[in-house]
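Taking it in order: structure first as structure tokens, then the write-up.
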There are 2 protein chains.
Amino acid sequence: MSREAQFLTAIHSNGLRMTRQRQLILEVLEASQEHLDAEAIHDRVKARDPRIGLATVYRTLALLKAMGLVKEHSLGEEHGHFEMVQKVPHYHFTCIGCRQVIEFEASAVMEAVQSLIDREGVQVMDVHLSLTGYCSNCREERATNHEVKVEV
Amino acid sequence: MSREAQFLTAIHSNGLRMTRQRQLILEVLEASQEHLDAEAIHDRVKARDPRIGLATVYRTLALLKAMGLVKEHSLGEEHGHFEMVQKVPHYHFTCIGCRQVIEFEASAVMEAVQSLIDREGVQVMDVHLSLTGYCSNCREERATNHEVKVEV
DNA sequence: GCACCTATTGATAATAATTCTCATTATCAA
DNA sequence: TTGATAATGAGAATTATTATCAATAGGTGC
Ligand SMILES: [Mn+2]
Ligand SMILES: [Mn+2]
Ligand SMILES: [Zn+2]
Ligand SMILES: [Zn+2]
């Protein structure tokens, strides 16, 4: 079942309605390989329908998250970034210098999570691993102008 | 070297000054085994000096973070929680139902991080793993009143 | 297709967390 | 003790997100 069909099914089985806005927001998310924030999604959706409001973007993102179709990430900024859920889980490294995001897989993470589940009997709804630091480029740049000071 | 001495050294070597406020905030953090937010820290510090402002708490937390003495966590709420850095890294599971936090260790995580470092040549400054879900108690409660609907 | 019920929307106000501004105070090196 | 300036407190400002509410529009049944 396509994600679009999945969305439609989930919507109808909950007494909700499919709207042009929800359709467009899903399409924007599916078309992107990036980690968009609410503003960026709003911009792209407005290109196709200038009347769509930012609040609707937030509402739809919340809905898609609740349905398990979209994940929200903390990428070192003070606001969220969104992407469609992938078949195999992956995690993120964000460069503080150039803001690039490197995605990586690590089966060991879910294994560690499983052992917590076994030990504590918890039900895990969401797993979030994110790294910040400097990519190899920005790392070199910093090495030359070697900083010692604490920056606040 | 005690963390207090570490703090003092870092402060002086950066041309900064040790103040009563910074002292008190560090003491509050050291005395607590919990994951306090800025408000909670402010409350505790005010008990010892009612004149301390919330902005100073935020400023000092930023300083302690930059010095690597304190870590900020996302525990499923919209604001940060803070704790002193421990010798061995640990991670957090937060129950959506009762808000309890379960800490756990998982050496596999840092191993996965190391393999990313080896592969990409990045410099990792911060690692953040946090889980959300339902603890064994809240899990049972939910099982009885079995929900199917998506809640947004 | 038409009507009706009510979910959804857009606009904007409200909220929450955090940061900024700036006049005043306090640290600390000389 | 003094002077240079880092730090503070109070409150304004900013940013991200959520709530409010009147107007609109899905979708079900006729
Ligand atoms: Mn991703
Ligand atoms: Mn902890
Ligand atoms: Zn970079
Ligand atoms: Zn619980």
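By convention here, the chains of the structure tokens are called A, B, ... in the order presented, each chain's residues are numbered starting at 1, and ligands are numbered starting at 1 in the order presented.
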Item to complete: Could you give me, as a PyMOL selection string, every polymer residue with an atom at most 9 Å away from an atom of ligand 4, counting only C-alpha atoms (C1' of nucleotides) and all ligand atoms?
Response: (chain A and resi 122) or (chain B and resi 94-101+133-139)
Can I get the selection written as a PDB file, in the first residue's frame, with N, CA and C atoms?
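That gives us out_3.pdb:
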```
ATOM      1  N   VAL A 122       9.100  -1.708  29.072  1.00  0.00           N
ATOM      2  CA  VAL A 122       8.499  -0.501  28.526  1.00  0.00           C
ATOM      3  C   VAL A 122       8.030  -0.729  27.093  1.00  0.00           C
TER       4      VAL A 122
ATOM      5  N   THR B  94      11.679   8.360  28.424  1.00  0.00           N
ATOM      6  CA  THR B  94      10.673   9.149  29.146  1.00  0.00           C
ATOM      7  C   THR B  94       9.290   8.573  28.884  1.00  0.00           C
ATOM      8  N   CYS B  95       8.550   8.317  29.965  1.00  0.00           N
ATOM      9  CA  CYS B  95       7.186   7.812  29.829  1.00  0.00           C
ATOM     10  C   CYS B  95       6.233   8.959  29.513  1.00  0.00           C
ATOM     11  N   ILE B  96       5.506   8.799  28.430  1.00  0.00           N
ATOM     12  CA  ILE B  96       4.552   9.818  27.996  1.00  0.00           C
ATOM     13  C   ILE B  96       3.387   9.913  28.978  1.00  0.00           C
ATOM     14  N   GLY B  97       3.114   8.790  29.659  1.00  0.00           N
ATOM     15  CA  GLY B  97       1.983   8.752  30.573  1.00  0.00           C
ATOM     16  C   GLY B  97       2.262   9.430  31.902  1.00  0.00           C
ATOM     17  N   CYS B  98       3.336   9.019  32.572  1.00  0.00           N
ATOM     18  CA  CYS B  98       3.592   9.511  33.929  1.00  0.00           C
ATOM     19  C   CYS B  98       4.840  10.383  34.013  1.00  0.00           C
ATOM     20  N   ARG B  99       5.485  10.628  32.871  1.00  0.00           N
ATOM     21  CA  ARG B  99       6.631  11.520  32.796  1.00  0.00           C
ATOM     22  C   ARG B  99       7.873  11.004  33.519  1.00  0.00           C
ATOM     23  N   GLN B 100       7.844   9.773  34.028  1.00  0.00           N
ATOM     24  CA  GLN B 100       9.049   9.270  34.687  1.00  0.00           C
ATOM     25  C   GLN B 100      10.165   9.057  33.676  1.00  0.00           C
ATOM     26  N   VAL B 101      11.393   9.244  34.128  1.00  0.00           N
ATOM     27  CA  VAL B 101      12.563   9.069  33.268  1.00  0.00           C
ATOM     28  C   VAL B 101      13.335   7.838  33.724  1.00  0.00           C
ATOM     29  N   GLY B 133       7.826   6.707  25.203  1.00  0.00           N
ATOM     30  CA  GLY B 133       6.898   5.586  25.117  1.00  0.00           C
ATOM     31  C   GLY B 133       6.139   5.467  26.415  1.00  0.00           C
ATOM     32  N   TYR B 134       5.775   4.249  26.780  1.00  0.00           N
ATOM     33  CA  TYR B 134       5.022   4.035  28.010  1.00  0.00           C
ATOM     34  C   TYR B 134       5.775   3.059  28.905  1.00  0.00           C
ATOM     35  N   CYS B 135       5.895   3.430  30.174  1.00  0.00           N
ATOM     36  CA  CYS B 135       6.534   2.537  31.138  1.00  0.00           C
ATOM     37  C   CYS B 135       5.605   1.342  31.351  1.00  0.00           C
ATOM     38  N   SER B 136       6.100   0.321  32.035  1.00  0.00           N
ATOM     39  CA  SER B 136       5.302  -0.910  32.145  1.00  0.00           C
ATOM     40  C   SER B 136       3.959  -0.646  32.817  1.00  0.00           C
ATOM     41  N   ASN B 137       3.928   0.255  33.792  1.00  0.00           N
ATOM     42  CA  ASN B 137       2.653   0.587  34.443  1.00  0.00           C
ATOM     43  C   ASN B 137       1.667   1.244  33.479  1.00  0.00           C
ATOM     44  N   CYS B 138       2.104   2.343  32.881  1.00  0.00           N
ATOM     45  CA  CYS B 138       1.217   3.097  31.986  1.00  0.00           C
ATOM     46  C   CYS B 138       0.814   2.254  30.781  1.00  0.00           C
ATOM     47  N   ARG B 139       1.678   1.352  30.414  1.00  0.00           N
ATOM     48  CA  ARG B 139       1.396   0.463  29.294  1.00  0.00           C
ATOM     49  C   ARG B 139       0.188  -0.404  29.597  1.00  0.00           C
TER      50      ARG B 139
END
```
Per-residue nearest contacts of chain D to chain A (8 Å; only C-alpha atoms (C1' of nucleotides)) as a Markdown table:
```
| residue | atom | partner | partner_atom | distance |
| --- | --- | --- | --- | --- |
| D:DA16 | C1' | A:His79 | CA | 6.3 |
| D:DG26 | C1' | A:Arg17 | CA | 6.1 |
| D:DG27 | C1' | A:Arg17 | CA | 7.9 |
```
For those residues, write N, CA, C and O atoms (P, O5', C5', C4', C3', O3' and C1' of nucleotides) to a file as a JSON list (two decimals), in the first residue's frame.
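File part-v7.json, as written:
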```json
[["chain", "number", "residue", "atom", "x", "y", "z"],
["D", 16, "DA", "P", 12.29, 30.02, 14.60],
["D", 16, "DA", "O5'", 11.27, 29.07, 15.37],
["D", 16, "DA", "C5'", 11.78, 28.22, 16.39],
["D", 16, "DA", "C4'", 10.62, 27.54, 17.06],
["D", 16, "DA", "C3'", 9.69, 26.77, 16.10],
["D", 16, "DA", "O3'", 9.53, 25.46, 16.60],
["D", 16, "DA", "C1'", 8.44, 28.25, 17.47],
["D", 26, "DG", "P", -13.11, 20.40, -0.23],
["D", 26, "DG", "O5'", -12.52, 19.21, 0.69],
["D", 26, "DG", "C5'", -12.97, 17.96, 0.42],
["D", 26, "DG", "C4'", -13.26, 17.23, 1.73],
["D", 26, "DG", "C3'", -13.88, 15.89, 1.41],
["D", 26, "DG", "O3'", -13.40, 14.95, 2.31],
["D", 26, "DG", "C1'", -15.45, 17.22, 2.62],
["D", 27, "DG", "P", -13.30, 13.46, 1.82],
["D", 27, "DG", "O5'", -14.78, 12.90, 2.15],
["D", 27, "DG", "C5'", -15.18, 12.83, 3.51],
["D", 27, "DG", "C4'", -16.65, 12.49, 3.60],
["D", 27, "DG", "C3'", -17.13, 11.48, 2.54],
["D", 27, "DG", "O3'", -18.15, 10.71, 3.14],
["D", 27, "DG", "C1'", -18.44, 13.36, 2.42]]
```
Item to complete: Identify, counting only C-alpha atoms (C1' of nucleotides) and all ligand atoms, the protein, DNA and RNA residues located within 10 Å of ligand 2, and give them as a list in words.
Response: Gln33, Glu34, His35, Leu36, Lys71, Glu72, His73, Leu75, His81, Phe82, Glu83, Met84, Val85, Gln86, Pro89, His90, Tyr91, His92, Phe93, Val101, Ile102, Glu103, Phe104 and Glu105 of chain B
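Considering only C-alpha atoms and all ligand atoms, the residue among A:Val45, A:Leu63, A:Met125, A:Leu29 positioned nearest to ligand 1 is A:Leu29.
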Worksheet entry | Residue nearest ligand 3 - candidates B:Glu30, B:Glu120, B:Glu141, B:Asp126, atoms counted: only C-alpha atoms and all ligand atoms | B:Glu120
Item to complete: Find the residues around range 4-14 of chain D up to 12 Å (only C-alpha atoms (C1' of nucleotides) counted), leave out those fewer than 2 positions away in its own chain, and share them as a ChimeraX atom specification.
Response: /B:11-12,14-22,50-57,59-60 /C:16-30 /D:2,16
Worksheet entry | Which of chain A DSSP labels strand (DSSP E), written as number ranges by chain | A: 70-73, 81-84, 91-95, 101-104, 123-134
Pull N, CA and C atoms from the residues just selected and write them as a PDB file, in the first residue's frame.
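Here's the written file part37.pdb:
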```pdb
ATOM      1  N   VAL A  70       5.351  10.224   9.470  1.00  0.00           N
ATOM      2  CA  VAL A  70       6.382  11.262   9.442  1.00  0.00           C
ATOM      3  C   VAL A  70       7.119  11.274  10.779  1.00  0.00           C
ATOM      4  N   LYS A  71       8.412  11.570  10.728  1.00  0.00           N
ATOM      5  CA  LYS A  71       9.193  11.737  11.953  1.00  0.00           C
ATOM      6  C   LYS A  71       9.708  13.161  12.060  1.00  0.00           C
ATOM      7  N   GLU A  72       9.756  13.632  13.294  1.00  0.00           N
ATOM      8  CA  GLU A  72      10.311  14.955  13.564  1.00  0.00           C
ATOM      9  C   GLU A  72      11.667  14.783  14.226  1.00  0.00           C
ATOM     10  N   HIS A  73      12.640  15.555  13.772  1.00  0.00           N
ATOM     11  CA  HIS A  73      13.990  15.441  14.325  1.00  0.00           C
ATOM     12  C   HIS A  73      14.467  16.751  14.933  1.00  0.00           C
ATOM     13  N   HIS A  81      12.571  19.495  12.440  1.00  0.00           N
ATOM     14  CA  HIS A  81      12.719  19.187  11.016  1.00  0.00           C
ATOM     15  C   HIS A  81      11.997  17.873  10.759  1.00  0.00           C
ATOM     16  N   PHE A  82      11.425  17.749   9.567  1.00  0.00           N
ATOM     17  CA  PHE A  82      10.536  16.620   9.302  1.00  0.00           C
ATOM     18  C   PHE A  82      10.960  15.824   8.077  1.00  0.00           C
ATOM     19  N   GLU A  83      10.673  14.538   8.123  1.00  0.00           N
ATOM     20  CA  GLU A  83      10.873  13.689   6.950  1.00  0.00           C
ATOM     21  C   GLU A  83       9.948  12.485   7.034  1.00  0.00           C
ATOM     22  N   MET A  84       9.650  11.907   5.883  1.00  0.00           N
ATOM     23  CA  MET A  84       8.834  10.702   5.832  1.00  0.00           C
ATOM     24  C   MET A  84       9.570   9.581   6.560  1.00  0.00           C
ATOM     25  N   TYR A  91      19.745   7.579  11.488  1.00  0.00           N
ATOM     26  CA  TYR A  91      19.980   8.622  12.465  1.00  0.00           C
ATOM     27  C   TYR A  91      20.724   9.773  11.805  1.00  0.00           C
ATOM     28  N   HIS A  92      20.985  10.829  12.580  1.00  0.00           N
ATOM     29  CA  HIS A  92      21.501  12.057  11.965  1.00  0.00           C
ATOM     30  C   HIS A  92      22.674  12.673  12.711  1.00  0.00           C
ATOM     31  N   PHE A  93      23.634  13.105  11.924  1.00  0.00           N
ATOM     32  CA  PHE A  93      24.736  13.922  12.427  1.00  0.00           C
ATOM     33  C   PHE A  93      24.589  15.290  11.779  1.00  0.00           C
ATOM     34  N   THR A  94      24.598  16.346  12.563  1.00  0.00           N
ATOM     35  CA  THR A  94      24.488  17.701  12.008  1.00  0.00           C
ATOM     36  C   THR A  94      25.767  18.472  12.278  1.00  0.00           C
ATOM     37  N   CYS A  95      26.332  19.069  11.228  1.00  0.00           N
ATOM     38  CA  CYS A  95      27.537  19.878  11.382  1.00  0.00           C
ATOM     39  C   CYS A  95      27.165  21.259  11.893  1.00  0.00           C
ATOM     40  N   VAL A 101      23.672  17.794   7.048  1.00  0.00           N
ATOM     41  CA  VAL A 101      23.209  16.626   7.800  1.00  0.00           C
ATOM     42  C   VAL A 101      23.737  15.367   7.144  1.00  0.00           C
ATOM     43  N   ILE A 102      24.382  14.513   7.933  1.00  0.00           N
ATOM     44  CA  ILE A 102      24.827  13.211   7.440  1.00  0.00           C
ATOM     45  C   ILE A 102      23.930  12.147   8.067  1.00  0.00           C
ATOM     46  N   GLU A 103      23.314  11.337   7.234  1.00  0.00           N
ATOM     47  CA  GLU A 103      22.456  10.267   7.742  1.00  0.00           C
ATOM     48  C   GLU A 103      23.270   8.987   7.877  1.00  0.00           C
ATOM     49  N   PHE A 104      22.947   8.194   8.877  1.00  0.00           N
ATOM     50  CA  PHE A 104      23.647   6.913   9.003  1.00  0.00           C
ATOM     51  C   PHE A 104      22.744   5.875   9.647  1.00  0.00           C
ATOM     52  N   GLN A 123       7.143   0.162  26.645  1.00  0.00           N
ATOM     53  CA  GLN A 123       6.732   0.165  25.240  1.00  0.00           C
ATOM     54  C   GLN A 123       7.340   1.407  24.595  1.00  0.00           C
ATOM     55  N   VAL A 124       8.229   1.211  23.648  1.00  0.00           N
ATOM     56  CA  VAL A 124       8.930   2.347  23.047  1.00  0.00           C
ATOM     57  C   VAL A 124       8.157   2.836  21.824  1.00  0.00           C
ATOM     58  N   MET A 125       7.812   4.113  21.836  1.00  0.00           N
ATOM     59  CA  MET A 125       7.062   4.688  20.720  1.00  0.00           C
ATOM     60  C   MET A 125       7.989   5.429  19.768  1.00  0.00           C
ATOM     61  N   ASP A 126       9.077   5.928  20.289  1.00  0.00           N
ATOM     62  CA  ASP A 126       9.923   6.771  19.466  1.00  0.00           C
ATOM     63  C   ASP A 126      11.372   6.679  19.910  1.00  0.00           C
ATOM     64  N   VAL A 127      12.265   6.575  18.943  1.00  0.00           N
ATOM     65  CA  VAL A 127      13.700   6.515  19.208  1.00  0.00           C
ATOM     66  C   VAL A 127      14.363   7.662  18.470  1.00  0.00           C
ATOM     67  N   HIS A 128      15.207   8.342  19.170  1.00  0.00           N
ATOM     68  CA  HIS A 128      15.800   9.558  18.639  1.00  0.00           C
ATOM     69  C   HIS A 128      17.266   9.609  18.926  1.00  0.00           C
ATOM     70  N   LEU A 129      18.105   9.434  17.915  1.00  0.00           N
ATOM     71  CA  LEU A 129      19.547   9.561  18.114  1.00  0.00           C
ATOM     72  C   LEU A 129      20.055  10.663  17.210  1.00  0.00           C
ATOM     73  N   SER A 130      20.652  11.680  17.808  1.00  0.00           N
ATOM     74  CA  SER A 130      21.204  12.716  16.941  1.00  0.00           C
ATOM     75  C   SER A 130      22.529  13.202  17.484  1.00  0.00           C
ATOM     76  N   LEU A 131      23.453  13.380  16.550  1.00  0.00           N
ATOM     77  CA  LEU A 131      24.805  13.808  16.899  1.00  0.00           C
ATOM     78  C   LEU A 131      25.025  15.210  16.349  1.00  0.00           C
ATOM     79  N   THR A 132      25.825  15.981  17.059  1.00  0.00           N
ATOM     80  CA  THR A 132      26.254  17.256  16.506  1.00  0.00           C
ATOM     81  C   THR A 132      27.768  17.318  16.618  1.00  0.00           C
ATOM     82  N   GLY A 133      28.367  18.145  15.787  1.00  0.00           N
ATOM     83  CA  GLY A 133      29.810  18.273  15.790  1.00  0.00           C
ATOM     84  C   GLY A 133      30.262  18.986  14.534  1.00  0.00           C
ATOM     85  N   TYR A 134      31.456  18.629  14.039  1.00  0.00           N
ATOM     86  CA  TYR A 134      31.982  19.276  12.847  1.00  0.00           C
ATOM     87  C   TYR A 134      32.286  18.232  11.792  1.00  0.00           C
TER      88      TYR A 134
END
```
Worksheet item: For chain A, which residue among B:Val88, B:Ala143, B:Ala106, B:Leu8 is the nearest when counting only C-alpha atoms?
Response: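 Once distances to chain A are computed over only C-alpha atoms, the minimum belongs to B:Ala106.
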Worksheet item: Taking into account only C-alpha atoms and all ligand atoms, which residue in the set A:Met110, A:Met1, A:Arg48, A:Ser74 is nearest to ligand 1?
Response: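 Residue with the minimum atom-to-atom distance to ligand 1: A:Ser74.
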Discussion item. For the helix (DSSP H, G or I) assignment from backbone DSSP, which residues of range 19-140 of chain B qualify? Please present them as number ranges by chain.
Written reply: B: 20-31, 38-46, 54-66, 107-120, 136-140
Item to complete: Would you mind listing what lies within 12 Å of DC2 in chain C as a list in words, with only C-alpha atoms (C1' of nucleotides) counted and same-chain residues fewer than 4 positions away left out?
Response: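 With the cut-off at 12 Å, the set is DT28, DG29 and DC30 of chain D.
Reported to one decimal place, the separation of C1' of DG10 in chain C from CA of Glu27 in chain A is 20.6 Å.
Counting from C1' of DT15 in chain C, the distance to CA of Leu64 in chain A is 23.5 Å.
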Discussion item. For a quick test of understanding: name the residues of chain C lying within 9 Å of chain A when counting only C-alpha atoms (C1' of nucleotides), and present them as a PyMOL selection string.
Written reply: chain C and resi 7-11
Selection file, all heavy atoms, as a short mmCIF file (atom, residue, chain, number, x, y, z; two decimals), in the first residue's frame:
```cif
data_model
loop_
_atom_site.label_atom_id
_atom_site.label_comp_id
_atom_site.auth_asym_id
_atom_site.auth_seq_id
_atom_site.Cartn_x
_atom_site.Cartn_y
_atom_site.Cartn_z
P DA C 7 -16.59 16.62 13.77
OP1 DA C 7 -17.24 15.32 13.99
OP2 DA C 7 -16.23 17.49 14.90
"O5'" DA C 7 -15.28 16.40 12.87
"C5'" DA C 7 -15.39 15.63 11.70
"C4'" DA C 7 -14.49 16.20 10.61
"O4'" DA C 7 -15.06 17.40 10.06
"C3'" DA C 7 -13.09 16.58 11.10
"O3'" DA C 7 -12.21 16.27 10.05
"C2'" DA C 7 -13.20 18.09 11.33
"C1'" DA C 7 -14.17 18.50 10.24
N9 DA C 7 -15.02 19.67 10.54
C8 DA C 7 -15.74 19.89 11.68
N7 DA C 7 -16.44 21.01 11.65
C5 DA C 7 -16.17 21.54 10.40
C6 DA C 7 -16.61 22.71 9.75
N6 DA C 7 -17.45 23.60 10.30
N1 DA C 7 -16.14 22.96 8.51
C2 DA C 7 -15.30 22.07 7.95
N3 DA C 7 -14.82 20.93 8.46
C4 DA C 7 -15.29 20.72 9.70
P DT C 8 -10.67 16.55 10.14
OP1 DT C 8 -9.98 15.63 9.22
OP2 DT C 8 -10.31 16.65 11.56
"O5'" DT C 8 -10.60 18.02 9.51
"C5'" DT C 8 -10.81 18.17 8.11
"C4'" DT C 8 -10.54 19.60 7.71
"O4'" DT C 8 -11.54 20.46 8.27
"C3'" DT C 8 -9.19 20.15 8.17
"O3'" DT C 8 -8.45 20.42 6.99
"C2'" DT C 8 -9.54 21.39 8.99
"C1'" DT C 8 -10.96 21.72 8.53
N1 DT C 8 -11.85 22.39 9.51
C2 DT C 8 -12.47 23.56 9.15
O2 DT C 8 -12.30 24.09 8.06
N3 DT C 8 -13.30 24.10 10.11
C4 DT C 8 -13.56 23.59 11.37
O4 DT C 8 -14.33 24.16 12.13
C5 DT C 8 -12.88 22.36 11.69
C7 DT C 8 -13.09 21.72 13.03
C6 DT C 8 -12.06 21.83 10.75
P DT C 9 -7.03 21.07 7.03
OP1 DT C 9 -6.28 20.53 5.89
OP2 DT C 9 -6.51 20.96 8.40
"O5'" DT C 9 -7.36 22.60 6.75
"C5'" DT C 9 -8.16 22.94 5.62
"C4'" DT C 9 -8.47 24.42 5.64
"O4'" DT C 9 -9.39 24.68 6.73
"C3'" DT C 9 -7.23 25.28 5.90
"O3'" DT C 9 -7.02 26.12 4.77
"C2'" DT C 9 -7.58 26.09 7.15
"C1'" DT C 9 -9.07 25.92 7.30
N1 DT C 9 -9.59 25.84 8.71
C2 DT C 9 -10.51 26.76 9.13
O2 DT C 9 -10.92 27.67 8.43
N3 DT C 9 -10.94 26.58 10.43
C4 DT C 9 -10.55 25.59 11.31
O4 DT C 9 -11.02 25.53 12.44
C5 DT C 9 -9.58 24.66 10.81
C7 DT C 9 -9.08 23.55 11.68
C6 DT C 9 -9.14 24.82 9.54
P DG C 10 -5.64 26.84 4.56
OP1 DG C 10 -5.35 26.92 3.11
OP2 DG C 10 -4.64 26.26 5.48
"O5'" DG C 10 -6.03 28.28 5.08
"C5'" DG C 10 -7.05 29.02 4.43
"C4'" DG C 10 -7.20 30.37 5.10
"O4'" DG C 10 -7.77 30.21 6.43
"C3'" DG C 10 -5.89 31.14 5.30
"O3'" DG C 10 -6.18 32.51 5.06
"C2'" DG C 10 -5.54 30.87 6.76
"C1'" DG C 10 -6.91 30.73 7.42
N9 DG C 10 -6.99 29.80 8.54
C8 DG C 10 -6.26 28.65 8.72
N7 DG C 10 -6.59 27.99 9.81
C5 DG C 10 -7.60 28.75 10.38
C6 DG C 10 -8.36 28.53 11.57
O6 DG C 10 -8.29 27.60 12.37
N1 DG C 10 -9.29 29.54 11.78
C2 DG C 10 -9.47 30.63 10.95
N2 DG C 10 -10.40 31.50 11.31
N3 DG C 10 -8.77 30.84 9.83
C4 DG C 10 -7.86 29.86 9.61
P DA C 11 -5.05 33.59 4.98
OP1 DA C 11 -5.37 34.48 3.85
OP2 DA C 11 -3.74 32.93 5.07
"O5'" DA C 11 -5.31 34.40 6.32
"C5'" DA C 11 -6.65 34.81 6.63
"C4'" DA C 11 -6.68 35.44 8.01
"O4'" DA C 11 -6.87 34.40 9.00
"C3'" DA C 11 -5.40 36.18 8.40
"O3'" DA C 11 -5.75 37.46 8.92
"C2'" DA C 11 -4.74 35.28 9.43
"C1'" DA C 11 -5.93 34.56 10.05
N9 DA C 11 -5.60 33.23 10.56
C8 DA C 11 -4.69 32.34 10.06
N7 DA C 11 -4.62 31.21 10.74
C5 DA C 11 -5.55 31.38 11.75
C6 DA C 11 -5.97 30.54 12.80
N6 DA C 11 -5.47 29.32 13.01
N1 DA C 11 -6.93 31.00 13.63
C2 DA C 11 -7.43 32.22 13.42
N3 DA C 11 -7.13 33.10 12.46
C4 DA C 11 -6.17 32.62 11.65
#
```
Item to complete: Kindly indicate which residue among A:Lys87, A:His42, A:Arg119, A:Arg3 lies nearest to ligand 1, using only C-alpha atoms and all ligand atoms for the distances.
Response: A:Lys87
